[in-house]
Every structure is written in C-alpha cells, then in structure tokens.
$ cat upload25.txt   # compact mmCIF, C-alpha atoms and all ligand atoms
# COMPACT_ATOMS: atom_id res chain seq x y z
CA GLU A 1074 116.38 86.09 125.26
CA LYS A 1075 118.89 88.54 123.76
CA GLY A 1076 120.76 85.60 122.28
CA GLY A 1077 123.86 86.34 124.35
CA TYR A 1078 124.07 89.95 123.14
CA ASP A 1079 123.73 93.05 125.31
CA HIS A 1080 120.80 94.50 123.38
CA PHE A 1081 117.88 93.35 121.29
CA MET A 1082 118.85 95.82 118.60
CA TYR A 1083 122.25 94.17 118.14
CA LYS A 1084 120.69 90.72 118.17
CA GLU A 1085 118.21 91.82 115.52
CA ILE A 1086 120.95 93.34 113.35
CA MET A 1087 122.91 90.10 113.55
CA GLU A 1088 119.79 88.02 112.83
CA GLN A 1089 119.22 89.60 109.44
CA PRO A 1090 120.71 86.81 107.31
CA GLU A 1091 118.30 84.36 108.91
CA ALA A 1092 115.33 86.77 108.95
CA LEU A 1093 115.72 87.44 105.23
CA ALA A 1094 116.11 83.76 104.43
CA ASN A 1095 112.80 83.27 106.25
CA ALA A 1096 111.20 86.13 104.31
CA MET A 1097 112.10 84.27 101.10
CA ARG A 1098 111.52 80.67 102.19
CA GLY A 1099 109.04 78.83 99.97
CA ARG A 1100 108.62 82.02 97.92
CA VAL A 1101 111.83 82.67 96.01
CA HIS A 1102 112.81 79.70 93.85
CA ALA A 1103 115.95 81.01 92.22
CA ASP A 1104 116.87 77.72 90.57
CA GLU A 1105 113.48 77.49 88.80
CA GLY A 1106 113.28 81.23 88.25
CA THR A 1107 109.90 81.54 89.96
CA VAL A 1108 108.47 83.54 92.84
CA LYS A 1109 105.31 82.55 94.71
CA LEU A 1110 103.42 84.71 97.17
CA GLY A 1111 100.51 82.66 98.50
CA GLY A 1112 99.04 85.64 100.35
CA LEU A 1113 98.46 87.54 97.11
CA GLU A 1114 97.11 84.73 94.95
CA ASP A 1115 93.45 85.64 95.41
CA VAL A 1116 93.97 89.29 94.51
CA MET A 1117 96.67 88.92 91.89
CA LYS A 1118 94.43 89.71 88.91
CA GLN A 1119 93.32 92.98 90.49
CA LEU A 1120 96.81 93.92 91.63
CA GLU A 1121 98.31 93.18 88.23
CA ALA A 1122 95.77 95.48 86.58
CA ALA A 1123 96.29 98.35 89.05
CA ASP A 1124 96.58 101.82 87.52
CA ARG A 1125 98.50 102.98 90.56
CA ILE A 1126 99.77 101.64 93.86
CA VAL A 1127 99.67 103.98 96.86
CA ILE A 1128 102.04 102.89 99.61
CA CYS A 1129 101.26 104.20 103.13
CA ALA A 1130 103.48 103.75 106.18
CA CYS A 1131 105.34 105.57 108.96
CA GLY A 1132 108.99 105.90 109.98
CA THR A 1133 111.29 103.12 108.87
CA SER A 1134 108.43 101.33 107.14
CA TRP A 1135 107.90 104.50 105.06
CA HIS A 1136 111.56 104.33 104.05
CA ALA A 1137 111.05 100.72 102.98
CA GLY A 1138 108.06 102.01 100.99
CA LEU A 1139 110.31 104.45 99.12
CA VAL A 1140 112.56 101.56 98.13
CA GLY A 1141 109.40 99.65 97.15
CA GLU A 1142 108.38 102.52 94.86
CA TYR A 1143 111.66 102.25 93.05
CA LEU A 1144 111.44 98.45 92.77
CA ILE A 1145 107.80 98.26 91.63
CA GLU A 1146 108.22 101.04 89.08
CA ARG A 1147 111.42 99.54 87.77
CA PHE A 1148 110.39 95.89 87.55
CA ALA A 1149 106.63 96.11 87.01
CA ARG A 1150 106.19 99.61 85.51
CA ILE A 1151 103.19 100.43 87.71
CA PRO A 1152 103.16 104.05 88.97
CA VAL A 1153 103.65 104.17 92.73
CA GLU A 1154 103.13 106.93 95.26
CA VAL A 1155 104.46 106.77 98.79
CA GLU A 1156 102.59 108.63 101.51
CA TYR A 1157 103.14 109.16 105.20
CA ALA A 1158 100.11 107.37 106.62
CA SER A 1159 99.58 110.31 108.99
CA GLU A 1160 99.24 112.74 106.09
CA PHE A 1161 97.23 110.44 103.85
CA ARG A 1162 94.38 110.14 106.31
CA TYR A 1163 93.80 113.90 106.51
CA ARG A 1164 94.08 114.97 102.92
CA ASP A 1165 90.90 113.49 101.53
CA PRO A 1166 93.01 111.34 99.19
CA ILE A 1167 91.92 110.71 95.64
CA LEU A 1168 91.40 106.99 95.25
CA ASN A 1169 90.08 105.50 92.04
CA GLU A 1170 88.62 102.08 91.49
CA ASN A 1171 91.77 100.66 89.94
CA ASP A 1172 94.11 101.97 92.60
CA VAL A 1173 95.58 99.68 95.22
CA VAL A 1174 96.61 100.81 98.70
CA LEU A 1175 99.57 98.88 100.12
CA VAL A 1176 100.45 99.50 103.76
CA ILE A 1177 103.71 98.50 105.39
CA SER A 1178 103.96 97.98 109.16
CA GLN A 1179 106.24 95.92 111.36
CA SER A 1180 103.88 95.90 114.33
CA GLY A 1181 100.64 95.89 112.39
CA GLU A 1182 99.26 98.21 115.08
CA THR A 1183 100.38 101.72 114.04
CA ALA A 1184 97.30 103.95 114.37
CA ASP A 1185 97.91 106.13 111.30
CA THR A 1186 98.71 103.15 109.09
CA LEU A 1187 95.60 101.34 110.26
CA ALA A 1188 93.57 104.47 109.45
CA ALA A 1189 94.94 104.33 105.88
CA VAL A 1190 93.66 100.75 105.56
CA ARG A 1191 90.22 101.82 106.74
CA GLN A 1192 90.22 104.78 104.36
CA ALA A 1193 91.08 102.50 101.42
CA LYS A 1194 88.33 100.09 102.32
CA GLU A 1195 85.82 102.89 102.68
CA ALA A 1196 86.74 104.06 99.18
CA GLY A 1197 86.19 100.52 97.93
CA VAL A 1198 89.83 100.09 96.99
CA LEU A 1199 91.91 96.94 97.47
CA ALA A 1200 93.96 97.21 100.68
CA LEU A 1201 97.09 95.07 100.98
CA GLY A 1202 99.47 94.69 103.90
CA VAL A 1203 103.16 93.93 104.28
CA VAL A 1204 103.23 93.15 107.98
CA ASN A 1205 105.51 91.36 110.41
CA ALA A 1206 103.30 90.72 113.44
CA VAL A 1207 101.07 87.76 112.64
CA GLY A 1208 97.40 88.29 113.48
CA SER A 1209 97.89 92.02 114.19
CA THR A 1210 95.07 94.47 113.51
CA ILE A 1211 96.44 95.62 110.15
CA ALA A 1212 97.01 92.01 109.08
CA ARG A 1213 93.41 91.23 109.95
CA GLU A 1214 91.82 94.29 108.36
CA THR A 1215 93.65 94.25 105.01
CA ASP A 1216 92.11 92.29 102.13
CA ALA A 1217 95.30 90.31 101.58
CA GLY A 1218 99.02 90.62 102.10
CA VAL A 1219 102.43 89.15 102.69
CA TYR A 1220 103.96 88.50 106.09
CA LEU A 1221 107.63 89.25 106.65
CA HIS A 1222 108.30 86.16 108.80
CA ALA A 1223 111.26 88.09 110.24
CA GLY A 1224 110.49 86.99 113.81
CA PRO A 1225 109.66 89.37 116.66
CA GLU A 1226 111.41 92.73 116.63
CA ILE A 1227 111.80 94.06 120.17
CA GLY A 1228 114.33 96.91 119.84
CA VAL A 1229 112.56 100.22 119.26
CA ALA A 1230 114.93 100.98 116.38
CA SER A 1231 113.71 98.91 113.47
CA THR A 1232 116.46 96.93 111.72
CA LYS A 1233 115.59 93.45 110.52
CA ALA A 1234 112.02 94.54 109.76
CA PHE A 1235 113.35 97.14 107.30
CA THR A 1236 115.47 94.66 105.35
CA ALA A 1237 112.69 92.06 105.45
CA GLN A 1238 110.18 94.65 104.18
CA VAL A 1239 112.46 95.51 101.27
CA THR A 1240 112.93 91.80 100.56
CA VAL A 1241 109.17 91.24 100.42
CA LEU A 1242 108.61 94.36 98.29
CA ALA A 1243 111.29 93.11 95.90
CA GLN A 1244 109.42 89.82 95.59
CA ILE A 1245 106.13 91.64 94.92
CA ALA A 1246 107.84 93.82 92.30
CA LEU A 1247 109.42 90.83 90.55
CA LEU A 1248 106.19 88.84 90.62
CA LEU A 1249 104.27 91.77 89.11
CA GLY A 1250 107.04 92.29 86.57
CA LYS A 1251 106.62 88.71 85.47
CA THR A 1252 102.81 88.57 85.38
CA ARG A 1253 102.58 91.92 83.57
CA GLY A 1254 105.05 90.72 80.96
CA VAL A 1255 107.62 93.42 81.73
CA LEU A 1256 110.35 91.05 82.91
CA SER A 1257 111.65 88.26 80.72
CA ASP A 1258 112.18 84.83 82.27
CA ALA A 1259 115.93 85.39 82.09
CA ASP A 1260 115.74 88.77 83.87
CA LEU A 1261 113.46 87.35 86.52
CA LYS A 1262 115.80 84.44 87.18
CA GLU A 1263 118.83 86.67 87.34
CA ASN A 1264 117.15 88.96 89.88
CA LEU A 1265 115.89 86.07 91.98
CA GLU A 1266 119.40 84.66 92.08
CA ALA A 1267 120.73 88.02 93.23
CA LEU A 1268 118.02 88.24 95.92
CA ALA A 1269 118.71 84.71 97.14
CA LYS A 1270 122.37 85.62 97.69
CA ILE A 1271 121.58 88.60 99.94
CA PRO A 1272 121.53 86.73 103.30
CA THR A 1273 125.08 85.43 102.71
CA GLN A 1274 126.23 88.85 101.58
CA ILE A 1275 124.76 90.49 104.71
CA ARG A 1276 126.67 87.95 106.78
CA GLU A 1277 129.85 89.01 104.98
CA VAL A 1278 129.23 92.67 105.83
CA LEU A 1279 128.49 91.81 109.46
CA GLU A 1280 131.68 89.78 109.75
CA GLN A 1281 134.12 91.72 107.62
CA GLN A 1282 133.23 95.34 108.38
CA ALA A 1283 132.40 95.06 112.09
CA GLU A 1284 135.76 96.21 113.44
CA LYS A 1285 136.09 99.12 111.06
CA ILE A 1286 132.56 100.32 111.85
CA GLU A 1287 133.26 100.26 115.57
CA ALA A 1288 136.40 102.34 115.02
CA ILE A 1289 134.42 104.87 112.95
CA ALA A 1290 131.78 105.01 115.70
CA ARG A 1291 134.48 105.94 118.19
CA GLU A 1292 135.30 109.00 116.08
CA MET A 1293 131.68 109.83 115.35
CA ARG A 1294 130.40 109.60 118.89
CA LEU A 1295 131.18 113.23 119.70
CA ALA A 1296 129.52 114.70 116.63
CA GLN A 1297 126.51 116.95 117.11
CA ASN A 1298 125.20 116.68 113.57
CA ALA A 1299 125.54 114.25 110.71
CA LEU A 1300 124.48 114.33 107.08
CA TYR A 1301 123.53 111.18 105.14
CA LEU A 1302 123.50 111.28 101.34
CA GLY A 1303 122.58 108.76 98.68
CA ARG A 1304 120.93 108.65 95.27
CA GLY A 1305 118.30 106.57 93.54
CA VAL A 1306 117.42 103.48 95.48
CA ASN A 1307 120.01 104.46 98.09
CA PHE A 1308 118.32 107.79 98.86
CA PRO A 1309 115.87 106.04 101.25
CA VAL A 1310 118.92 104.36 102.81
CA ALA A 1311 120.30 107.83 103.58
CA LEU A 1312 116.98 108.71 105.26
CA GLU A 1313 117.01 105.46 107.20
CA GLY A 1314 120.65 105.92 108.28
CA ALA A 1315 119.83 109.38 109.62
CA LEU A 1316 116.70 108.15 111.45
CA LYS A 1317 118.62 105.28 113.04
CA LEU A 1318 121.29 107.66 114.34
CA LYS A 1319 118.93 110.29 115.70
CA GLU A 1320 116.50 107.99 117.43
CA ILE A 1321 119.01 106.03 119.48
CA SER A 1322 122.06 108.30 119.87
CA TYR A 1323 120.22 111.67 119.93
CA ILE A 1324 122.70 113.10 117.44
CA HIS A 1325 120.90 115.33 115.00
CA ALA A 1326 121.07 113.76 111.55
CA GLU A 1327 119.49 114.44 108.20
CA GLY A 1328 119.21 112.38 105.04
CA TYR A 1329 119.10 113.93 101.58
CA PRO A 1330 119.41 112.88 97.97
CA ALA A 1331 123.09 113.60 97.30
CA ALA A 1332 122.38 116.08 94.50
CA GLU A 1333 120.19 118.19 96.78
CA MET A 1334 123.25 119.00 98.87
CA LYS A 1335 124.02 122.14 96.95
CA HIS A 1336 120.48 123.41 97.43
CA GLY A 1337 121.01 124.01 101.12
CA PRO A 1338 122.71 121.42 103.34
CA ILE A 1339 126.15 122.21 101.92
CA ALA A 1340 126.10 125.35 104.06
CA LEU A 1341 126.36 123.15 107.17
CA ILE A 1342 129.58 121.45 106.20
CA ASP A 1343 132.62 121.98 108.39
CA ARG A 1344 135.21 119.65 109.81
CA PHE A 1345 133.03 118.74 112.77
CA MET A 1346 130.17 117.27 110.78
CA PRO A 1347 130.55 113.75 109.40
CA VAL A 1348 129.02 113.32 105.94
CA LEU A 1349 128.03 109.75 105.19
CA PHE A 1350 127.68 108.80 101.55
CA VAL A 1351 126.32 105.72 99.86
CA ALA A 1352 128.62 105.68 96.83
CA THR A 1353 128.31 102.35 95.07
CA ARG A 1354 129.44 102.04 91.46
CA GLU A 1355 126.06 102.29 89.75
CA ALA A 1356 124.54 104.68 87.22
CA THR A 1357 125.10 107.93 89.13
CA TYR A 1358 128.41 107.00 90.75
CA ASP A 1359 130.46 109.74 89.02
CA LYS A 1360 128.01 112.37 90.19
CA VAL A 1361 128.17 111.12 93.75
CA VAL A 1362 131.98 111.26 93.57
CA SER A 1363 131.70 114.94 92.53
CA ASN A 1364 129.51 115.53 95.61
CA ILE A 1365 132.15 113.86 97.79
CA GLU A 1366 134.81 116.12 96.26
CA GLU A 1367 132.67 119.16 97.05
CA VAL A 1368 132.39 118.11 100.68
CA VAL A 1369 136.11 117.40 100.98
CA ALA A 1370 136.91 120.78 99.39
CA ARG A 1371 134.98 122.43 102.22
CA GLY A 1372 136.90 120.60 104.90
CA GLY A 1373 134.14 118.04 105.58
CA SER A 1374 135.00 114.53 106.65
CA VAL A 1375 133.50 111.78 104.53
CA ILE A 1376 132.54 108.24 105.42
CA ALA A 1377 131.64 106.32 102.26
CA ILE A 1378 129.92 103.03 101.69
CA THR A 1379 130.92 101.48 98.40
CA ASP A 1380 131.09 98.09 96.73
CA THR A 1381 133.91 95.68 97.43
CA GLY A 1382 137.14 96.35 95.62
CA ASN A 1383 136.48 100.01 94.77
CA ARG A 1384 139.71 101.82 95.61
CA GLY A 1385 138.56 105.02 93.90
CA LEU A 1386 137.46 106.70 97.13
CA ASP A 1387 140.48 105.87 99.27
CA ASP A 1388 142.13 109.26 98.74
CA LEU A 1389 138.94 111.24 99.23
CA ALA A 1390 137.09 109.66 102.11
CA GLU A 1391 138.28 109.43 105.70
CA HIS A 1392 136.78 105.95 105.89
CA VAL A 1393 135.53 103.55 103.25
CA ILE A 1394 133.17 100.71 104.17
CA GLU A 1395 132.77 97.97 101.60
CA VAL A 1396 129.68 95.90 100.87
CA PRO A 1397 129.49 93.08 98.27
CA LYS A 1398 128.20 93.79 94.78
CA THR A 1399 124.56 92.93 94.07
CA SER A 1400 122.01 93.96 91.46
CA ASP A 1401 121.77 97.75 91.91
CA ALA A 1402 118.05 97.43 92.69
CA PHE A 1403 118.79 95.41 95.82
CA GLU A 1404 121.66 97.52 97.13
CA PRO A 1405 119.66 98.97 100.06
CA LEU A 1406 119.65 95.51 101.63
CA LEU A 1407 123.43 95.71 101.95
CA THR A 1408 124.17 99.44 102.19
CA VAL A 1409 121.85 99.92 105.18
CA ILE A 1410 123.71 97.37 107.31
CA PRO A 1411 126.77 99.55 108.11
CA PHE A 1412 124.45 102.43 109.04
CA GLN A 1413 122.56 100.20 111.50
CA LEU A 1414 125.78 99.01 113.12
CA LEU A 1415 127.26 102.48 113.22
CA SER A 1416 124.22 103.94 115.01
CA TYR A 1417 124.23 101.07 117.44
CA HIS A 1418 127.88 101.53 118.43
CA VAL A 1419 127.65 105.32 118.60
CA ALA A 1420 124.61 105.08 120.88
CA VAL A 1421 126.24 102.51 123.16
CA MET A 1422 129.41 104.62 123.38
CA ARG A 1423 127.31 107.64 124.33
CA GLY A 1424 125.68 105.63 127.11
CA CYS A 1425 122.22 105.70 125.55
CA ASP A 1426 119.51 103.12 126.21
CA VAL A 1427 119.59 101.57 122.76
CA ASP A 1428 116.56 99.33 123.05
CA MET A 1429 114.33 101.90 124.74
CA PRO A 1430 115.29 105.35 123.48
CA ARG A 1431 113.74 108.28 125.28
CA ASN A 1432 110.25 109.43 124.26
CA LEU A 1433 109.74 106.56 121.82
CA ALA A 1434 107.48 103.51 121.87
CA LYS A 1435 107.86 100.36 119.80
CA SER A 1436 104.43 100.70 118.32
CA VAL A 1437 102.66 104.00 118.02
CA THR A 1438 99.04 103.09 118.61
CA VAL A 1439 97.88 106.65 119.19
CA GLU A 1440 98.10 109.51 116.73
O1 LIG B 1 105.29 99.07 113.37
P1 LIG B 1 105.44 100.03 112.22
O2 LIG B 1 106.32 99.52 111.15
O3 LIG B 1 104.11 100.48 111.67
O4 LIG B 1 106.15 101.30 112.86
C1 LIG B 1 106.41 102.46 112.11
C2 LIG B 1 107.32 103.39 112.84
O5 LIG B 1 106.77 103.80 114.06
C3 LIG B 1 108.71 102.76 113.10
O6 LIG B 1 109.30 102.30 111.92
C4 LIG B 1 109.66 103.76 113.77
O7 LIG B 1 109.97 104.80 112.89
C5 LIG B 1 110.91 103.06 114.27
N1 LIG B 1 111.22 103.45 115.61
C6 LIG B 1 112.12 103.32 113.42
O8 LIG B 1 113.26 102.68 113.88
$ encode --input "upload25.txt" --output "structure tokens"
Amino acid sequence: EKGGYDHFMYKEIMEQPEALANAMRGRVHADEGTVKLGGLEDVMKQLEAADRIVICACGTSWHAGLVGEYLIERFARIPVEVEYASEFRYRDPILNENDVVLVISQSGETADTLAAVRQAKEAGVLALGVVNAVGSTIARETDAGVYLHAGPEIGVASTKAFTAQVTVLAQIALLLGKTRGVLSDADLKENLEALAKIPTQIREVLEQQAEKIEAIAREMRLAQNALYLGRGVNFPVALEGALKLKEISYIHAEGYPAAEMKHGPIALIDRFMPVLFVATREATYDKVVSNIEEVVARGGSVIAITDTGNRGLDDLAEHVIEVPKTSDAFEPLLTVIPFQLLSYHVAVMRGCDVDMPRNLAKSVTVE
C-alpha cells in the first residue's frame, strides 16, 4: 500500500508527477491552447463577472490559496483575498452579491473550511470548492468546483495535494484570464505549455536532487530553528517549507517574505540556524541575493533553491539546489519539492513518525 516505500509521505512526494498529470488530464490542452474545467461550466458567467474572490482554507491549503491569489490576480486581474477559514467565520465577513467564495481543502471535511462554505451560502454568495476527496462534505455543499484527482493522500503532511491545488488554481486563473479577455491566445498557449511540462520537471527534481537533499538533511537534522525566505509567488513556498519542517520533525521553523527579514527575523541569525532561500532568477532576484549576502555577513548558513544553471550563488550559499526553469508564475510547483524532501529526510533521521506526527490529525473535523 505504500508502493514499496517506508512511508506514505515519501510515496506521495514521489507520486507528484502522476498526480499533477491527473489534475490536468482532459482539462489542459496545451497543443490547442485551451483549458476546460467541466465543474465550473455552469457558474462560469458569474465567476467571470466576480468583483472579488475570497479564498478560505487552512494550513497547507491556505498556502496554496496564497499562490492562487497571485495567479488569479496576475492572469485574470480579479482582486483576491485569502483568509484563514477559522478567522473568516468569526469576523462577520463583508460579502457582497458579486463576490465569490472559493474554498480549498484536501479532505473536504475541515470544520472551519466547511463553516466558510455555509457562511457564503447564507450570504447568498457563490461558493466554489477545490477539493481532493470525492463526495466529501465540502464537495457536496459547494455550488460547484474542481476536483484535484490527485488520489488519496494518507500522510498527515500534505504534499501532492498542495501541488495539485496550485495546478488547479493555475488552470482556473488561466481560464478566467482567457474568458475575461486579459490573456491573449498566444499567452494562454504559452502558459498551458509551461504547465503541461511541470510533471516531467518535478520528476527531474526528484531524480537529480535527491542525493544532495539527503546530504543537506544530514547537516540540518540537529538544528533547533530554521528560517525560510522567498518573495512573490515563492513567499507561500517559504511558509509551506517551514510548516512541513515543523509538523513532522518538530524543529521550529518560520517562513517570511525575504524582504521582511530586516524587520525582525535577522536578529535570530547565527551559525546554528539554517536559512533556506528560494532564489530563482525572476524579477526580484537581485534583491534576494542582497538578502543572502546579509545573512552570510552575519555568519548564517544558507541553503538556496535556484533555477538550473545558475552558478551565481555558489560562492555565497553552503548548498545550492537546482530546479528546472518554468514560467515564474508556476515556480512554486517546482521550488516546493526540495522543501518536502528535506523535511521528510530530516524527520526520518530524527526518528520521528513521519506519517503520524504527534498531536496532529489528517483531517481536522473539530474546531
Ligand atoms: O484537508 P484540508 O486541506 O482542509 O486540511 C487543511 C489543513 O489541516 C492541512 O493542510 C494541514 O495543515 C496539513 N497537516 C499540512 O501538512
């Protein structure tokens, strides 16, 4: 049942190429330059005309929501807000007729996320779901939605659900970009081609970086704290990297937007705390490099994820992990992979129960 692996989490990390191909099957037609989401067809007119999309979720699904915010605003130019479902339900949220609530949940059973669906429906607002578990309560109670088709996720630490959620949100963003006339046919096709390549590129990361990541884990396993930094669409990846590490290895970790470092976290830096950067060569690369220099100047040890072939960090970072180049909007799908593997190996080396970390349940059906 674990596919020959020791843990479900590892199996699910390794399954991502296939899970993402399934999340795109019959939907992404890169050769034709079209994207079809059958589950949204009936509500497309309303969704297209939304004044605002409010995304509600918890944990890793909330991180996927933050990536979704970036993708929907960038490709479709609809304002998006991302809320913790647990906060949303208690703040008497302002919902207007033309708002749409979009919830994201792997299990489809998370109590706070379900409450957000009910709140949306009570306010008479369209409630959509991006859910993995077929026939789950959230899938049944939402007005419409898109399934991940990522297959069952058993490990408490969410891995393939995160990348499948981002893949589905990317498809929603591209579809809306097209129907709202923001994206040209050429831009749409180019982005669909980039998305279609992701499963193969994830496989490359899994194969080519595995050994290096295990070696880094060996060094990191004794750390007591870790800092994860990224910018733009990779900021949620920093949050997700930190969550993955803390929940299964019990090492305290925090994620921040890289530029926020000097507003506080920089005080923590010493040679015992690994600082993990997502530093791909996109718009803010030079600024991220300055942040890396600041950490190194304070004796910190840097682990950087960058795009293949970038030798610019070799003299600065202790370790450089390379992921293939993709459209910068889809980078989280590749940059998160080393963080998943790293947490897994660190946790195993520390003797932790990776699939069933202490105090945690796979689905949180109580508040
Ligand atoms: O099933 P859901 O996606 O609604 O679950 C949300 C969170 O409970 C979940 O992502 C949690 O944070 C994971 N343990 C993270 O790995």
$ residues_around --input "upload25.txt" --residues "range 1141-1155 of chain A" --least-positions-apart "5" --cutoff "8 Å" --atoms "only C-alpha atoms" --output "list of chain:residue names"
A:Ala1123, A:Asp1124, A:Arg1125, A:Ile1126, A:Val1127, A:Ile1128, A:Cys1129, A:Trp1135, A:Val1239, A:Leu1242, A:Ala1243, A:Ile1245, A:Ala1246, A:Leu1247, A:Leu1249, A:Gly1250, A:Lys1251, A:Arg1253, A:Val1255, A:Leu1256, A:Gly1305, A:Val1306, A:Ala1402
$ closest_residue --input "upload25.txt" --among "A:His1080, A:Arg1371, A:His1136, A:Arg1291" --to "ligand LIG 1 (chain B)" --atoms "only C-alpha atoms and all ligand atoms"
A:His1136
$ residues_near_ligand --input "upload25.txt" --ligand "ligand LIG 1 (chain B)" --cutoff "8 Å" --atoms "all atoms listed in the file" --output "VMD selection string"
chain A and resid 1130 to 1135 1177 to 1183 1186 1204 1229 to 1232 1234 1316 to 1317 1320 1433 to 1437
$ write_last_selection --input "upload25.txt" --atoms "C-alpha atoms" --output "CSV table (one decimal), in the coordinates of the input"
chain,number,residue,atom,x,y,z
A,1130,ALA,CA,103.5,103.8,106.2
A,1131,CYS,CA,105.3,105.6,109.0
A,1132,GLY,CA,109.0,105.9,110.0
A,1133,THR,CA,111.3,103.1,108.9
A,1134,SER,CA,108.4,101.3,107.1
A,1135,TRP,CA,107.9,104.5,105.1
A,1177,ILE,CA,103.7,98.5,105.4
A,1178,SER,CA,104.0,98.0,109.2
A,1179,GLN,CA,106.2,95.9,111.4
A,1180,SER,CA,103.9,95.9,114.3
A,1181,GLY,CA,100.6,95.9,112.4
A,1182,GLU,CA,99.3,98.2,115.1
A,1183,THR,CA,100.4,101.7,114.0
A,1186,THR,CA,98.7,103.2,109.1
A,1204,VAL,CA,103.2,93.2,108.0
A,1229,VAL,CA,112.6,100.2,119.3
A,1230,ALA,CA,114.9,101.0,116.4
A,1231,SER,CA,113.7,98.9,113.5
A,1232,THR,CA,116.5,96.9,111.7
A,1234,ALA,CA,112.0,94.5,109.8
A,1316,LEU,CA,116.7,108.2,111.4
A,1317,LYS,CA,118.6,105.3,113.0
A,1320,GLU,CA,116.5,108.0,117.4
A,1433,LEU,CA,109.7,106.6,121.8
A,1434,ALA,CA,107.5,103.5,121.9
A,1435,LYS,CA,107.9,100.4,119.8
A,1436,SER,CA,104.4,100.7,118.3
A,1437,VAL,CA,102.7,104.0,118.0
$ closest_residue --input "upload25.txt" --among "A:Glu1313, A:Glu1395, A:Glu1156, A:Asp1216" --to "Thr1236 in chain A" --atoms "only C-alpha atoms"
A:Glu1313
$ closest_atom_pairs --input "upload25.txt" --of "range 1258-1299 of chain A" --to "range 1342-1346 of chain A" --cutoff "8 Å" --atoms "all atoms listed in the file" --output "tab-separated table"
residue	atom	partner	partner_atom	distance
A:Ala1296	CA	A:Met1346	CA	6.4
A:Gln1297	CA	A:Met1346	CA	7.3
A:Asn1298	CA	A:Met1346	CA	5.7
A:Ala1299	CA	A:Met1346	CA	5.5
$ write_last_selection --input "upload25.txt" --atoms "C-alpha atoms" --output "PDB file, keeping the file's coordinate frame"
ATOM      1  CA  ALA A1296     129.520 114.700 116.630  1.00  0.00           C
ATOM      2  CA  GLN A1297     126.510 116.950 117.110  1.00  0.00           C
ATOM      3  CA  ASN A1298     125.200 116.680 113.570  1.00  0.00           C
ATOM      4  CA  ALA A1299     125.540 114.250 110.710  1.00  0.00           C
TER       5      ALA A1299
END
$ residues_near_point --input "upload25.txt" --point "(120.2, 107.8, 92.6)" --cutoff "9 Å" --atoms "all atoms listed in the file" --output "CSV table (one decimal) with C-alpha atoms, keeping the file's coordinate frame"
chain,number,residue,atom,x,y,z
A,1303,GLY,CA,122.6,108.8,98.7
A,1304,ARG,CA,120.9,108.6,95.3
A,1305,GLY,CA,118.3,106.6,93.5
A,1306,VAL,CA,117.4,103.5,95.5
A,1307,ASN,CA,120.0,104.5,98.1
A,1308,PHE,CA,118.3,107.8,98.9
A,1330,PRO,CA,119.4,112.9,98.0
A,1331,ALA,CA,123.1,113.6,97.3
A,1332,ALA,CA,122.4,116.1,94.5
A,1355,GLU,CA,126.1,102.3,89.8
A,1356,ALA,CA,124.5,104.7,87.2
A,1357,THR,CA,125.1,107.9,89.1
A,1358,TYR,CA,128.4,107.0,90.8
A,1361,VAL,CA,128.2,111.1,93.8
$ atom_distance --input "upload25.txt" --atom1 "CA of Asn1264 in chain A" --atom2 "CA of Glu1280 in chain A"
24.6 Å
$ closest_residue --input "upload25.txt" --among "A:Ile1211, A:Glu1284, A:Ile1086, A:Val1310" --to "Glu1404 in chain A" --atoms "all atoms listed in the file"
A:Val1310
$ decode --input "upload25.txt" --residues "range 1418-1430 of chain A" --atoms "N, CA and C atoms" --output "short mmCIF file (atom, residue, chain, number, x, y, z; two decimals), in the first residue's frame"
data_model
loop_
_atom_site.label_atom_id
_atom_site.label_comp_id
_atom_site.auth_asym_id
_atom_site.auth_seq_id
_atom_site.Cartn_x
_atom_site.Cartn_y
_atom_site.Cartn_z
N HIS A 1418 13.38 13.82 5.02
CA HIS A 1418 14.63 13.18 5.44
C HIS A 1418 15.05 13.62 6.84
N VAL A 1419 14.90 14.90 7.13
CA VAL A 1419 15.26 15.39 8.47
C VAL A 1419 14.43 14.65 9.52
N ALA A 1420 13.13 14.53 9.27
CA ALA A 1420 12.24 13.89 10.25
C ALA A 1420 12.61 12.41 10.44
N VAL A 1421 12.89 11.73 9.33
CA VAL A 1421 13.26 10.31 9.44
C VAL A 1421 14.56 10.18 10.22
N MET A 1422 15.52 11.06 9.93
CA MET A 1422 16.82 10.99 10.63
C MET A 1422 16.68 11.31 12.11
N ARG A 1423 15.68 12.08 12.47
CA ARG A 1423 15.45 12.39 13.89
C ARG A 1423 14.56 11.34 14.57
N GLY A 1424 14.21 10.31 13.81
CA GLY A 1424 13.42 9.23 14.38
C GLY A 1424 11.95 9.57 14.60
N CYS A 1425 11.46 10.54 13.87
CA CYS A 1425 10.05 10.96 14.06
C CYS A 1425 9.10 10.07 13.25
N ASP A 1426 7.87 9.98 13.71
CA ASP A 1426 6.84 9.25 12.99
C ASP A 1426 6.27 10.17 11.89
N VAL A 1427 6.85 10.03 10.71
CA VAL A 1427 6.57 10.97 9.63
C VAL A 1427 5.10 11.00 9.22
N ASP A 1428 4.49 9.84 9.14
CA ASP A 1428 3.11 9.79 8.64
C ASP A 1428 2.08 10.20 9.70
N MET A 1429 2.46 10.04 10.96
CA MET A 1429 1.52 10.36 12.04
C MET A 1429 2.20 11.22 13.08
N PRO A 1430 2.53 12.47 12.74
CA PRO A 1430 3.22 13.32 13.70
C PRO A 1430 2.38 13.54 14.96
#
